[in-house]
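Below is entry-v2.csv, which holds CSV, C-alpha atoms.
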```
chain,number,residue,atom,x,y,z
V,180,MET,CA,16.7,85.3,5.4
V,181,THR,CA,17.8,82.0,7.0
V,182,THR,CA,20.1,83.7,9.5
V,183,LEU,CA,17.2,85.9,10.5
V,184,ILE,CA,15.1,82.8,11.2
V,185,GLN,CA,17.9,81.1,13.0
V,186,ARG,CA,18.5,84.2,15.3
V,187,SER,CA,14.8,84.6,16.1
V,188,LEU,CA,14.0,81.0,16.6
V,189,PRO,CA,17.0,79.4,18.3
V,190,LEU,CA,15.4,75.9,18.2
V,191,ALA,CA,15.2,76.1,14.4
V,192,LYS,CA,19.0,76.1,14.3
V,193,THR,CA,20.2,73.0,12.4
V,194,SER,CA,23.7,72.0,12.3
V,195,THR,CA,25.0,68.8,10.7
V,196,PRO,CA,26.0,66.3,13.5
V,197,ALA,CA,29.6,65.2,13.8
V,198,LEU,CA,30.1,62.4,11.3
V,199,GLN,CA,32.6,59.7,12.1
V,200,PHE,CA,32.9,57.2,9.2
V,201,LEU,CA,33.1,53.6,10.4
V,202,ARG,CA,33.5,51.8,7.1
V,203,PHE,CA,36.3,52.5,4.7
V,204,ARG,CA,36.5,50.0,1.9
V,205,GLY,CA,37.0,47.0,4.2
V,206,LYS,CA,34.5,44.3,5.1
V,207,ILE,CA,32.2,45.0,8.1
V,208,ASN,CA,32.5,42.7,11.1
V,209,ILE,CA,29.3,40.8,12.1
V,210,GLN,CA,30.8,37.4,13.1
V,211,ARG,CA,32.6,38.6,16.2
V,212,PRO,CA,30.5,41.3,17.7
V,213,LYS,CA,31.8,43.3,20.6
V,214,ALA,CA,30.4,42.2,24.0
V,215,PRO,CA,27.9,44.9,25.0
V,216,HIS,CA,28.3,47.1,27.9
V,217,TYR,CA,26.8,45.8,31.1
V,218,GLU,CA,24.0,48.4,31.1
V,219,ARG,CA,23.1,47.7,27.5
V,220,ALA,CA,23.3,43.9,28.1
V,221,ARG,CA,20.9,44.3,31.0
V,222,VAL,CA,18.3,46.2,28.9
V,223,VAL,CA,18.7,43.6,26.1
V,224,ALA,CA,18.1,40.7,28.6
V,225,VAL,CA,15.0,42.3,30.0
V,226,THR,CA,13.5,43.2,26.7
V,227,GLN,CA,13.9,39.6,25.2
V,228,PRO,CA,10.4,38.2,24.3
V,229,LYS,CA,9.1,35.3,26.3
V,230,TYR,CA,6.9,32.8,24.3
V,231,PRO,CA,4.4,30.5,26.1
V,232,GLU,CA,5.4,26.8,26.0
V,233,LEU,CA,3.0,23.9,25.9
V,234,PRO,CA,2.8,21.5,28.9
V,235,LYS,CA,5.8,19.2,28.5
V,236,ALA,CA,3.7,15.9,28.6
V,237,LYS,CA,2.1,16.7,25.2
V,238,SER,CA,5.1,18.1,23.5
V,239,CYS,CA,7.8,15.8,24.9
V,240,PHE,CA,8.8,14.0,21.8
V,241,LYS,CA,7.9,16.8,19.3
V,242,THR,CA,10.6,19.0,17.6
V,243,ARG,CA,10.6,22.7,18.2
V,244,ALA,CA,9.0,23.3,14.7
V,245,GLU,CA,6.2,20.9,15.6
V,246,ARG,CA,5.6,22.6,19.0
V,247,THR,CA,5.4,26.1,17.7
V,248,LYS,CA,3.3,25.2,14.5
V,249,GLN,CA,-0.4,25.5,14.7
V,250,GLN,CA,-2.2,22.6,13.0
V,251,GLN,CA,-4.6,23.7,10.3
V,252,GLU,CA,-6.5,21.2,8.1
V,253,ASN,CA,-6.2,21.7,4.4
V,254,PRO,CA,-9.6,22.6,2.9
V,255,TYR,CA,-8.7,20.6,-0.2
V,256,ASN,CA,-9.2,17.4,1.8
V,257,GLU,CA,-12.9,18.2,2.2
V,258,ILE,CA,-13.2,18.4,-1.6
V,259,ILE,CA,-11.5,15.1,-2.2
V,260,ALA,CA,-13.6,13.5,0.6
V,261,ARG,CA,-16.7,14.7,-1.2
V,262,GLU,CA,-15.4,13.1,-4.4
V,263,VAL,CA,-14.9,9.8,-2.6
V,264,ARG,CA,-18.4,9.9,-1.2
V,265,ASN,CA,-19.8,10.6,-4.7
V,266,TRP,CA,-18.0,7.6,-6.2
V,267,LEU,CA,-19.2,5.4,-3.4
V,268,GLU,CA,-22.8,6.5,-3.7
V,269,HIS,CA,-23.0,6.3,-7.5
V,270,SER,CA,-21.1,3.1,-8.2
V,271,ARG,CA,-23.1,-0.1,-7.9
V,272,LEU,CA,-19.9,-2.2,-7.8
V,273,VAL,CA,-17.0,-1.3,-5.5
V,274,ALA,CA,-14.0,-3.6,-5.0
V,275,PHE,CA,-11.2,-3.1,-2.4
V,276,PHE,CA,-7.7,-4.5,-3.1
V,277,HIS,CA,-4.5,-4.7,-1.1
V,278,LEU,CA,-1.7,-3.4,-3.3
V,279,ASN,CA,1.8,-5.0,-3.1
V,280,SER,CA,4.9,-3.3,-4.5
V,281,ILE,CA,4.2,-2.7,-8.2
V,282,THR,CA,5.8,-0.6,-10.9
V,283,ALA,CA,3.9,2.4,-12.4
V,284,ASP,CA,4.1,0.7,-15.8
V,285,ASP,CA,2.3,-2.4,-14.6
V,286,ILE,CA,-0.4,-0.5,-12.7
V,287,PHE,CA,-1.0,1.7,-15.8
V,288,ARG,CA,-1.5,-1.4,-17.9
V,289,VAL,CA,-4.0,-2.7,-15.3
V,290,ARG,CA,-5.7,0.7,-15.3
V,291,VAL,CA,-6.1,0.6,-19.1
V,292,GLN,CA,-7.5,-2.9,-19.1
V,293,LEU,CA,-10.0,-2.0,-16.4
V,294,HIS,CA,-11.0,1.2,-18.2
V,295,LYS,CA,-11.9,-0.7,-21.3
V,296,GLN,CA,-14.5,-2.6,-19.1
V,297,ASN,CA,-15.8,0.6,-17.6
V,298,LEU,CA,-14.1,-0.1,-14.3
V,299,HIS,CA,-12.3,2.8,-12.6
V,300,LEU,CA,-9.2,2.3,-10.5
V,301,LYS,CA,-8.7,4.9,-7.8
V,302,SER,CA,-6.6,5.3,-4.6
V,303,TYR,CA,-7.0,7.8,-1.8
V,304,GLY,CA,-5.3,8.4,1.5
V,305,SER,CA,-6.7,6.8,4.6
V,306,LYS,CA,-7.3,10.1,6.4
V,307,ILE,CA,-9.4,11.4,3.5
V,308,ILE,CA,-11.4,8.2,3.3
V,309,GLU,CA,-12.0,8.4,7.1
V,310,GLN,CA,-13.2,11.9,6.7
V,311,ALA,CA,-15.5,10.9,3.8
V,312,VAL,CA,-16.9,7.8,5.3
V,313,LYS,CA,-17.2,8.3,9.0
V,314,ASN,CA,-20.8,8.5,10.4
V,315,THR,CA,-22.2,7.2,7.1
V,316,GLN,CA,-23.4,3.8,6.1
V,317,TYR,CA,-20.0,2.9,4.6
V,318,GLU,CA,-18.1,3.1,7.9
V,319,ALA,CA,-17.4,-0.6,7.8
V,320,ILE,CA,-14.8,-0.3,5.0
V,321,LEU,CA,-12.4,1.7,7.2
V,322,PRO,CA,-10.3,-1.3,8.5
V,323,LEU,CA,-9.2,-2.1,4.9
V,324,PHE,CA,-7.2,1.1,4.4
V,325,HIS,CA,-4.5,0.7,7.1
V,326,SER,CA,-2.0,-0.4,4.4
V,327,ASN,CA,-1.2,0.2,0.7
V,328,HIS,CA,-4.5,-0.2,-1.2
V,329,CYS,CA,-6.6,0.6,-4.3
V,330,ILE,CA,-10.3,0.8,-5.0
V,331,VAL,CA,-12.1,-0.1,-8.2
V,332,PHE,CA,-15.5,1.6,-8.9
V,333,SER,CA,-18.0,0.6,-11.6
V,334,PRO,CA,-21.6,1.8,-12.3
V,335,ASP,CA,-22.8,-1.7,-13.5
V,336,THR,CA,-22.7,-4.9,-11.4
V,337,GLN,CA,-22.3,-7.3,-14.3
V,338,LYS,CA,-18.6,-6.7,-14.5
V,339,THR,CA,-17.5,-8.7,-11.5
V,340,ALA,CA,-16.3,-11.6,-13.6
V,341,ALA,CA,-14.4,-9.3,-16.0
V,342,LEU,CA,-12.8,-7.6,-13.0
V,343,LEU,CA,-11.7,-10.9,-11.4
V,344,ARG,CA,-10.3,-12.1,-14.8
V,345,ILE,CA,-8.1,-9.0,-15.2
V,346,VAL,CA,-7.0,-9.0,-11.6
V,347,ARG,CA,-6.0,-12.7,-11.7
V,348,ARG,CA,-3.2,-11.8,-14.0
V,349,VAL,CA,-1.8,-9.2,-11.6
V,350,PRO,CA,-0.3,-11.0,-8.5
V,351,GLN,CA,0.3,-7.7,-6.7
V,352,MET,CA,-3.4,-6.9,-6.3
V,353,VAL,CA,-5.1,-8.9,-3.5
V,354,LEU,CA,-8.9,-8.8,-3.3
V,355,LEU,CA,-10.1,-8.0,0.2
V,356,GLY,CA,-13.8,-7.4,-0.3
V,357,GLY,CA,-16.4,-5.3,-2.0
V,358,ILE,CA,-19.7,-3.6,-2.1
V,359,VAL,CA,-22.3,-4.8,-4.6
V,360,GLU,CA,-25.6,-3.0,-4.8
V,361,GLU,CA,-25.2,-1.5,-1.3
V,362,THR,CA,-24.4,-4.9,0.2
V,363,MET,CA,-21.0,-5.4,1.8
V,364,LEU,CA,-19.4,-8.6,0.7
V,365,ASN,CA,-16.2,-10.3,2.0
V,366,ARG,CA,-13.8,-11.9,-0.5
V,367,ASN,CA,-15.4,-15.4,-0.7
V,368,GLN,CA,-18.9,-13.9,-1.1
V,369,PHE,CA,-17.6,-11.5,-3.8
V,370,VAL,CA,-16.0,-14.4,-5.8
V,371,ALA,CA,-19.3,-16.5,-5.4
V,372,TYR,CA,-21.3,-13.5,-6.7
V,373,ALA,CA,-19.0,-13.3,-9.7
V,374,GLN,CA,-19.6,-16.9,-10.5
V,375,MET,CA,-23.4,-16.6,-10.2
V,376,PRO,CA,-25.3,-16.2,-13.5
V,377,GLY,CA,-26.7,-12.7,-14.2
V,378,LEU,CA,-30.1,-11.5,-13.0
V,379,HIS,CA,-31.9,-12.3,-16.2
V,380,ALA,CA,-30.6,-15.8,-16.2
V,381,ALA,CA,-31.7,-16.3,-12.6
V,382,GLN,CA,-35.1,-15.0,-13.4
V,383,ALA,CA,-35.4,-17.3,-16.4
V,384,GLN,CA,-34.4,-20.2,-14.2
V,385,LEU,CA,-37.1,-19.2,-11.6
V,386,VAL,CA,-39.8,-19.1,-14.3
V,387,GLN,CA,-38.7,-22.5,-15.6
V,388,THR,CA,-38.9,-24.0,-12.1
V,389,LEU,CA,-42.3,-22.4,-11.5
V,390,ASN,CA,-43.6,-23.8,-14.8
V,391,GLN,CA,-42.3,-27.3,-14.1
V,392,ALA,CA,-45.3,-28.6,-12.0
V,393,PRO,CA,-48.1,-27.4,-14.3
V,394,GLY,CA,-46.0,-28.5,-17.3
V,395,HIS,CA,-45.8,-32.0,-15.9
V,396,LEU,CA,-49.6,-32.0,-15.3
V,397,ILE,CA,-50.2,-31.0,-19.0
V,398,GLN,CA,-47.8,-33.6,-20.2
V,399,GLN,CA,-49.6,-36.3,-18.3
V,400,LEU,CA,-53.1,-35.2,-19.5
V,401,GLN,CA,-51.9,-35.2,-23.1
V,402,ALA,CA,-50.0,-38.4,-22.8
V,403,HIS,CA,-52.6,-40.7,-24.3
V,404,GLN,CA,-53.3,-38.4,-27.2
V,405,ASN,CA,-49.6,-38.0,-28.0
V,406,SER,CA,-49.0,-41.8,-27.9
V,407,PHE,CA,-52.0,-42.3,-30.2
V,408,VAL,CA,-50.7,-39.7,-32.7
V,409,GLN,CA,-47.3,-41.4,-32.7
V,410,VAL,CA,-48.7,-44.9,-33.3
V,411,LEU,CA,-50.8,-43.5,-36.2
V,412,ASP,CA,-47.7,-41.8,-37.6
V,413,VAL,CA,-45.8,-45.1,-37.6
V,414,HIS,CA,-48.7,-46.9,-39.1
V,415,ALA,CA,-49.0,-44.3,-41.9
V,416,LYS,CA,-45.3,-44.5,-42.7
V,417,ASN,CA,-45.5,-48.3,-42.9
V,418,GLN,CA,-48.5,-48.1,-45.3
V,419,VAL,CA,-46.6,-45.7,-47.5
V,420,LYS,CA,-43.6,-48.0,-47.6
V,421,GLU,CA,-45.8,-51.0,-48.5
V,422,GLU,CA,-47.5,-49.0,-51.3
V,423,THR,CA,-44.3,-47.7,-52.9
V,424,PRO,CA,-42.6,-51.1,-53.3
V,425,GLU,CA,-45.9,-52.5,-54.7
V,426,SER,CA,-46.2,-49.7,-57.3
V,427,THR,CA,-42.6,-50.3,-58.4
C,1243,MET,CA,35.3,13.8,39.7
C,1244,SER,CA,33.7,13.3,36.3
C,1245,VAL,CA,31.2,10.7,35.4
C,1246,PRO,CA,32.3,8.5,32.5
C,1247,PHE,CA,30.3,8.9,29.3
C,1248,SER,CA,27.4,6.6,28.9
C,1249,GLY,CA,24.8,6.7,26.1
C,1250,ALA,CA,24.7,7.1,22.4
C,1251,LEU,CA,26.8,9.5,20.4
C,1252,ARG,CA,24.4,9.5,17.5
C,1253,ARG,CA,20.6,10.0,17.7
C,1254,SER,CA,18.6,7.1,16.4
C,1255,GLY,CA,16.7,7.7,13.1
C,1256,GLY,CA,13.4,6.4,14.5
C,1257,ILE,CA,11.3,3.3,13.7
C,1258,VAL,CA,11.5,3.8,9.9
C,1259,SER,CA,15.2,3.6,9.8
C,1260,ALA,CA,15.2,0.6,12.1
C,1261,ILE,CA,12.8,-1.2,9.7
C,1262,GLY,CA,15.0,-0.2,6.8
C,1263,LYS,CA,18.1,-1.6,8.5
C,1264,GLN,CA,16.3,-4.9,9.2
C,1265,LEU,CA,15.1,-5.0,5.6
C,1266,LYS,CA,18.6,-4.8,4.3
C,1267,SER,CA,19.6,-8.0,6.1
C,1268,VAL,CA,16.5,-10.1,5.1
C,1269,ASN,CA,17.6,-13.1,3.1
C,1270,LEU,CA,15.0,-15.5,1.7
C,1271,LYS,CA,17.3,-18.0,0.1
C,1272,GLY,CA,16.4,-20.7,2.6
C,1273,VAL,CA,12.6,-20.4,1.9
C,1274,LYS,CA,10.7,-21.9,-0.9
C,1275,ARG,CA,7.2,-20.6,-0.2
C,1276,ILE,CA,5.8,-17.9,2.1
C,1277,THR,CA,2.0,-18.0,2.9
C,1278,VAL,CA,0.6,-14.8,4.5
C,1279,GLN,CA,-2.9,-15.5,5.9
C,1280,PHE,CA,-5.1,-12.7,7.3
C,1281,ASP,CA,-8.7,-11.5,7.6
C,1282,PRO,CA,-8.8,-7.9,6.3
C,1283,PHE,CA,-11.6,-7.0,8.7
C,1284,ALA,CA,-9.9,-8.3,11.8
C,1285,GLU,CA,-8.1,-6.1,14.2
C,1286,ASN,CA,-4.3,-5.8,14.3
C,1287,VAL,CA,-3.7,-6.9,10.6
C,1288,LYS,CA,-1.8,-3.7,9.8
C,1289,SER,CA,1.6,-5.1,10.6
C,1290,THR,CA,0.8,-8.3,8.6
C,1291,ARG,CA,-0.2,-6.3,5.6
C,1292,GLU,CA,2.9,-4.1,5.9
C,1293,PHE,CA,5.1,-7.2,6.2
C,1294,LEU,CA,3.4,-8.6,3.0
C,1295,PHE,CA,4.1,-5.4,1.2
C,1296,LEU,CA,7.8,-5.3,2.3
C,1297,LEU,CA,8.2,-8.9,1.2
C,1298,SER,CA,7.0,-8.0,-2.3
C,1299,THR,CA,9.5,-5.2,-2.8
C,1300,PRO,CA,12.0,-6.0,-5.6
C,1301,LYS,CA,15.1,-6.0,-3.3
C,1302,VAL,CA,13.7,-8.5,-0.9
C,1303,ALA,CA,12.1,-10.6,-3.6
C,1304,GLY,CA,15.4,-10.5,-5.5
C,1305,THR,CA,17.2,-12.4,-2.7
C,1306,ASN,CA,15.4,-15.5,-3.9
C,1307,PRO,CA,13.4,-15.2,-7.2
C,1308,LYS,CA,12.2,-18.8,-6.8
C,1309,CYS,CA,10.5,-18.1,-3.5
C,1310,VAL,CA,6.7,-17.6,-3.9
C,1311,VAL,CA,4.8,-15.2,-1.7
C,1312,LYS,CA,1.2,-16.2,-1.5
C,1313,PRO,CA,-1.4,-14.0,0.3
C,1314,GLU,CA,-4.4,-15.9,1.6
C,1315,ILE,CA,-7.5,-14.0,2.6
C,1316,VAL,CA,-9.8,-15.7,5.1
C,1317,CYS,CA,-13.2,-14.5,6.3
C,1318,ASP,CA,-13.6,-16.0,9.7
C,1319,ARG,CA,-11.8,-13.5,11.9
C,1320,GLN,CA,-9.0,-15.9,12.8
C,1321,PRO,CA,-5.7,-14.3,13.9
C,1322,ALA,CA,-3.2,-13.5,11.2
C,1323,ASN,CA,-0.2,-15.8,10.6
C,1324,ILE,CA,2.8,-16.0,8.3
C,1325,LYS,CA,4.2,-19.4,7.3
C,1326,PHE,CA,7.7,-19.9,5.8
C,1327,ALA,CA,8.1,-23.3,4.1
C,1328,LEU,CA,11.8,-24.1,4.1
C,1329,ILE,CA,14.0,-25.7,1.5
C,1330,GLU,CA,15.6,-29.1,2.3
C,1331,SER,CA,19.0,-27.9,3.4
C,1332,ALA,CA,17.4,-25.3,5.7
C,1333,GLN,CA,15.0,-28.0,7.0
C,1334,GLU,CA,18.0,-30.2,8.0
C,1335,GLN,CA,19.7,-27.2,9.6
C,1336,ALA,CA,16.7,-26.1,11.6
C,1337,LYS,CA,15.1,-29.5,12.1
C,1338,VAL,CA,11.7,-28.2,11.2
C,1339,LYS,CA,9.7,-28.2,8.0
C,1340,GLU,CA,8.2,-24.7,8.3
C,1341,ILE,CA,8.3,-21.7,10.6
C,1342,ARG,CA,5.1,-20.0,11.6
C,1343,PHE,CA,4.7,-16.4,13.0
C,1344,ASN,CA,1.5,-15.5,14.8
C,1345,SER,CA,1.5,-11.9,13.8
C,1346,ASP,CA,-1.6,-10.7,15.6
C,1347,ASN,CA,0.3,-8.9,18.4
C,1348,LEU,CA,3.6,-8.1,16.6
C,1349,ASN,CA,4.4,-4.9,14.9
C,1350,THR,CA,6.3,-4.6,11.6
C,1351,LEU,CA,9.7,-4.1,13.2
C,1352,GLU,CA,9.3,-7.1,15.5
C,1353,LEU,CA,8.2,-9.2,12.6
C,1354,LEU,CA,11.3,-8.3,10.6
C,1355,GLN,CA,13.6,-8.8,13.5
C,1356,LEU,CA,12.1,-12.3,14.1
C,1357,CYS,CA,12.4,-13.1,10.4
C,1358,ASN,CA,16.0,-12.1,10.4
C,1359,LYS,CA,16.7,-14.1,13.5
C,1360,HIS,CA,15.0,-17.4,12.5
C,1361,VAL,CA,14.7,-17.3,8.7
C,1362,SER,CA,17.6,-15.3,7.2
C,1363,SER,CA,20.1,-17.3,9.3
C,1364,LEU,CA,19.0,-20.5,7.5
C,1365,ALA,CA,20.0,-19.2,4.1
C,1366,PRO,CA,22.7,-21.5,2.6
C,1367,ARG,CA,26.1,-19.8,2.4
C,1368,GLU,CA,27.3,-19.0,-1.1
C,1369,GLU,CA,30.7,-20.3,-2.3
C,1370,ILE,CA,32.7,-18.2,-4.8
C,1371,THR,CA,33.7,-20.8,-7.5
C,1372,ASN,CA,35.0,-19.1,-10.7
C,1373,LYS,CA,36.8,-16.0,-9.7
C,1374,VAL,CA,38.0,-14.1,-12.7
C,1375,LEU,CA,41.4,-12.5,-12.1
C,1376,THR,CA,41.9,-8.9,-13.2
C,1377,LYS,CA,45.1,-7.9,-15.0
C,1378,ALA,CA,46.4,-6.1,-11.9
C,1379,GLU,CA,45.9,-9.1,-9.7
C,1380,LYS,CA,47.6,-11.4,-12.3
C,1381,GLN,CA,50.6,-9.0,-12.4
C,1382,LYS,CA,50.8,-9.0,-8.7
C,1383,LEU,CA,50.8,-12.8,-8.5
C,1384,ALA,CA,53.4,-13.0,-11.3
C,1385,GLY,CA,55.4,-10.1,-9.8
C,1386,GLY,CA,55.8,-11.9,-6.5
C,1387,ALA,CA,57.7,-14.7,-8.3
C,1388,GLY,CA,60.1,-12.7,-10.6
C,1389,GLY,CA,59.9,-9.2,-9.2
C,1390,GLY,CA,63.4,-7.9,-8.8
C,1391,LYS,CA,64.5,-8.1,-12.5
C,1392,LYS,CA,61.3,-6.4,-13.7
C,1393,ALA,CA,61.6,-3.7,-11.1
C,1394,THR,CA,65.2,-2.8,-12.3
C,1395,LYS,CA,64.2,-2.9,-15.9
C,1396,LYS,CA,61.3,-0.4,-15.3
C,1397,LYS,CA,63.7,1.9,-13.6
```
structure tokens encoding of this file:
Amino acid sequence: MTTLIQRSLPLAKTSTPALQFLRFRGKINIQRPKAPHYERARVVAVTQPKYPELPKAKSCFKTRAERTKQQQENPYNEIIAREVRNWLEHSRLVAFFHLNSITADDIFRVRVQLHKQNLHLKSYGSKIIEQAVKNTQYEAILPLFHSNHCIVFSPDTQKTAALLRIVRRVPQMVLLGGIVEETMLNRNQFVAYAQMPGLHAAQAQLVQTLNQAPGHLIQQLQAHQNSFVQVLDVHAKNQVKEETPEST
Amino acid sequence: MSVPFSGALRRSGGIVSAIGKQLKSVNLKGVKRITVQFDPFAENVKSTREFLFLLSTPKVAGTNPKCVVKPEIVCDRQPANIKFALIESAQEQAKVKEIRFNSDNLNTLELLQLCNKHVSSLAPREEITNKVLTKAEKQKLAGGAGGGKKATKKK
């Protein structure tokens, strides 16, 4: 049957090609390849791919990997930038510190002490903070992040004194400035704010000052009556003293 | 006719390794107090802050544990400066009481280079007083005196 097909359709004839075995047990050679024939070499040279190169001025000092890589920003940065913006908007007290060389143990101890006072210690990269804060009202804080730093957030403003007390024991943290109730303060202003009494105390002081003038007037009006009452008191006491020795 | 070789055989590691190299030779033994004053909102304070950070590292601070590094924050936009208050022997050597760097227009590497040039050179040299001899060194000293007999005995 097959010979019939082969005779009628000559192109259907299949024959196994001549096999010459190159490898026999030994290791193949790839380290010293044979130089190609001139014709083959010509074809290979022509078919080599050519990649476009950037203008030299921009890529002069970059390595080959940097030149060929395409820069793509990590979308996770956007998420962290949003978190930073959230913290900035919802904290009424924000303090910025320069951080010197400190062990992880020590910074953890500081973090725990701050956490007990509802103060949250955070640190983010300068690029992320730039992305979070640029073209917003917080743009003025950008110069503080050029070097090693940390940020402390808190939802209540009464903790400035506690914060400064804790940070005083840590020589590696240097206060640079802060934001209190949407007002940017430099270091001296921040320390002065911490030393001021709270809002209720200030209000009580104001009320006291306002009441001083009318209080003085009332005191003067009642002066004669008060002195008369005092004189009568003294007189009554003297009379009582005279009566008691007489009775005894 | 070949041109004689000129240039470097090894490539430089960049600014970071230059800073590291300078840091290794920083010696604060001749200083008793360092005051780093800067305004955080001024321009060009990055190098001052980096220098402050590098001074606080354990290796640099370990060269002189008695030396106090005090950061001073000012709020009036004045240019940043770094003051080194010297110890008495260094004062005699340098004939000044303190050295001041105006670090507004210097970068971190230049600050470290200047520090090594002016401050580290004033560190008092250490003298080795009680040197404990090891057993091998003692044998060597003794062996120099009565060596021959011992050598034959060992053989």
What does the distance between atom CA of Leu354 of chain V and atom CA of Ala319 of chain V come to in Å, to one decimal place? 16.2 Å
Near-Asn367 of chain V list (10 Å; all atoms listed in the file; drop same-chain fewer than 3 positions) as a list in words: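 Residues near the query, excluding close chain neighbours: Leu354, Leu355, Gly356, Leu364, Val370, Ala371, Tyr372 and Ala373 of chain V; Ile1315, Val1316 and Cys1317 of chain C.
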What does the file look like for those residues with C-alpha atoms, as a PDB file, in the frame of the given file?
```pdb
ATOM      1  CA  LEU V 354      -8.900  -8.800  -3.300  1.00  0.00           C
ATOM      2  CA  LEU V 355     -10.100  -8.000   0.200  1.00  0.00           C
ATOM      3  CA  GLY V 356     -13.800  -7.400  -0.300  1.00  0.00           C
ATOM      4  CA  LEU V 364     -19.400  -8.600   0.700  1.00  0.00           C
ATOM      5  CA  VAL V 370     -16.000 -14.400  -5.800  1.00  0.00           C
ATOM      6  CA  ALA V 371     -19.300 -16.500  -5.400  1.00  0.00           C
ATOM      7  CA  TYR V 372     -21.300 -13.500  -6.700  1.00  0.00           C
ATOM      8  CA  ALA V 373     -19.000 -13.300  -9.700  1.00  0.00           C
TER       9      ALA V 373
ATOM     10  CA  ILE C1315      -7.500 -14.000   2.600  1.00  0.00           C
ATOM     11  CA  VAL C1316      -9.800 -15.700   5.100  1.00  0.00           C
ATOM     12  CA  CYS C1317     -13.200 -14.500   6.300  1.00  0.00           C
TER      13      CYS C1317
END
```
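The interatomic distance for the pair atom CA of Pro212 of chain V and atom CA of Arg243 of chain V works out to 27.2 Å.
Those residues of chain V that fall within 6 Å of chain C when using all atoms listed in the file read V:Asn279, V:Ser280, V:Pro322, V:Leu323, V:His325.
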Using Å and a single decimal, report how far atom CA of Ile1276 of chain C sits from atom CA of Lys1325 of chain C.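 Answer for the atom CA of Lys1325 of chain C to atom CA of Ile1276 of chain C separation: 5.6 Å.
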Shell of 10 Å around segment 1255-1263 of chain C, all atoms listed in the file, local chain residues under 6 positions omitted, as a PDB file with C-alpha atoms, keeping the file's coordinate frame:
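Output contents, as saved in out16.pdb:
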```
ATOM      1  CA  LEU C1296       7.800  -5.300   2.300  1.00  0.00           C
ATOM      2  CA  THR C1350       6.300  -4.600  11.600  1.00  0.00           C
ATOM      3  CA  LEU C1351       9.700  -4.100  13.200  1.00  0.00           C
ATOM      4  CA  GLU C1352       9.300  -7.100  15.500  1.00  0.00           C
ATOM      5  CA  LEU C1353       8.200  -9.200  12.600  1.00  0.00           C
ATOM      6  CA  LEU C1354      11.300  -8.300  10.600  1.00  0.00           C
ATOM      7  CA  GLN C1355      13.600  -8.800  13.500  1.00  0.00           C
TER       8      GLN C1355
END
```
Between C:Val1245, C:Val1310, C:Ile1370, C:Ile1324, which residue has the minimum interatomic distance to Arg1342 of chain C, considering all atoms listed in the file?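 Of C:Val1245, C:Val1310, C:Ile1370, C:Ile1324, the one nearest Arg1342 of chain C, counting all atoms listed in the file, is C:Ile1324.
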Please provide as a JSON list (two decimals) with C-alpha atoms, in the frame of the given file all residues within 12 Å of Ala341 of chain V, with the sequence filter that same-chain residues fewer than 5 positions apart are discarded (counting only C-alpha atoms).
```json
[["chain", "number", "residue", "atom", "x", "y", "z"],
["V", 292, "GLN", "CA", -7.50, -2.90, -19.10],
["V", 293, "LEU", "CA", -10.00, -2.00, -16.40],
["V", 294, "HIS", "CA", -11.00, 1.20, -18.20],
["V", 295, "LYS", "CA", -11.90, -0.70, -21.30],
["V", 296, "GLN", "CA", -14.50, -2.60, -19.10],
["V", 297, "ASN", "CA", -15.80, 0.60, -17.60],
["V", 298, "LEU", "CA", -14.10, -0.10, -14.30],
["V", 333, "SER", "CA", -18.00, 0.60, -11.60],
["V", 335, "ASP", "CA", -22.80, -1.70, -13.50],
["V", 336, "THR", "CA", -22.70, -4.90, -11.40],
["V", 346, "VAL", "CA", -7.00, -9.00, -11.60],
["V", 347, "ARG", "CA", -6.00, -12.70, -11.70],
["V", 348, "ARG", "CA", -3.20, -11.80, -14.00],
["V", 370, "VAL", "CA", -16.00, -14.40, -5.80],
["V", 373, "ALA", "CA", -19.00, -13.30, -9.70],
["V", 374, "GLN", "CA", -19.60, -16.90, -10.50]]
```
Give me the residues near Lys306 of chain V as a PyMOL selection string, where near means some atom within 12 Å (using all atoms listed in the file) and where sequence neighbours in that chain fewer than 5 positions away do not count. chain V and resi 252-253+256-257+259-260+263+311-313+321-322+324-326
Show me as an MDAnalysis selection string the residues that reach within 12 Å of (9.4, -24.3, 15.2), counting only C-alpha atoms and using the file's own coordinates. chainID C and resid 1325:1328 1333 1336:1344 1360:1361
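The residues that lie within 10 Å of the point (-6.7, 1.9, -11.5), counting all atoms listed in the file, are Ile286, Phe287, Arg288, Val289, Arg290, Val291, Gln292, Leu293, His294, Leu298, His299, Leu300, Lys301, Ser302, Cys329, Ile330, Val331 and Phe332 of chain V.
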Excluding Met363 of chain V and its own-chain neighbours fewer than 6 positions away, which residues fall within 10 Å of it when counting all atoms listed in the file? Please give them as a list in words. Val273, Ala274, Tyr317, Ala319, Ile320, Gly356, Gly357 and Phe369 of chain V
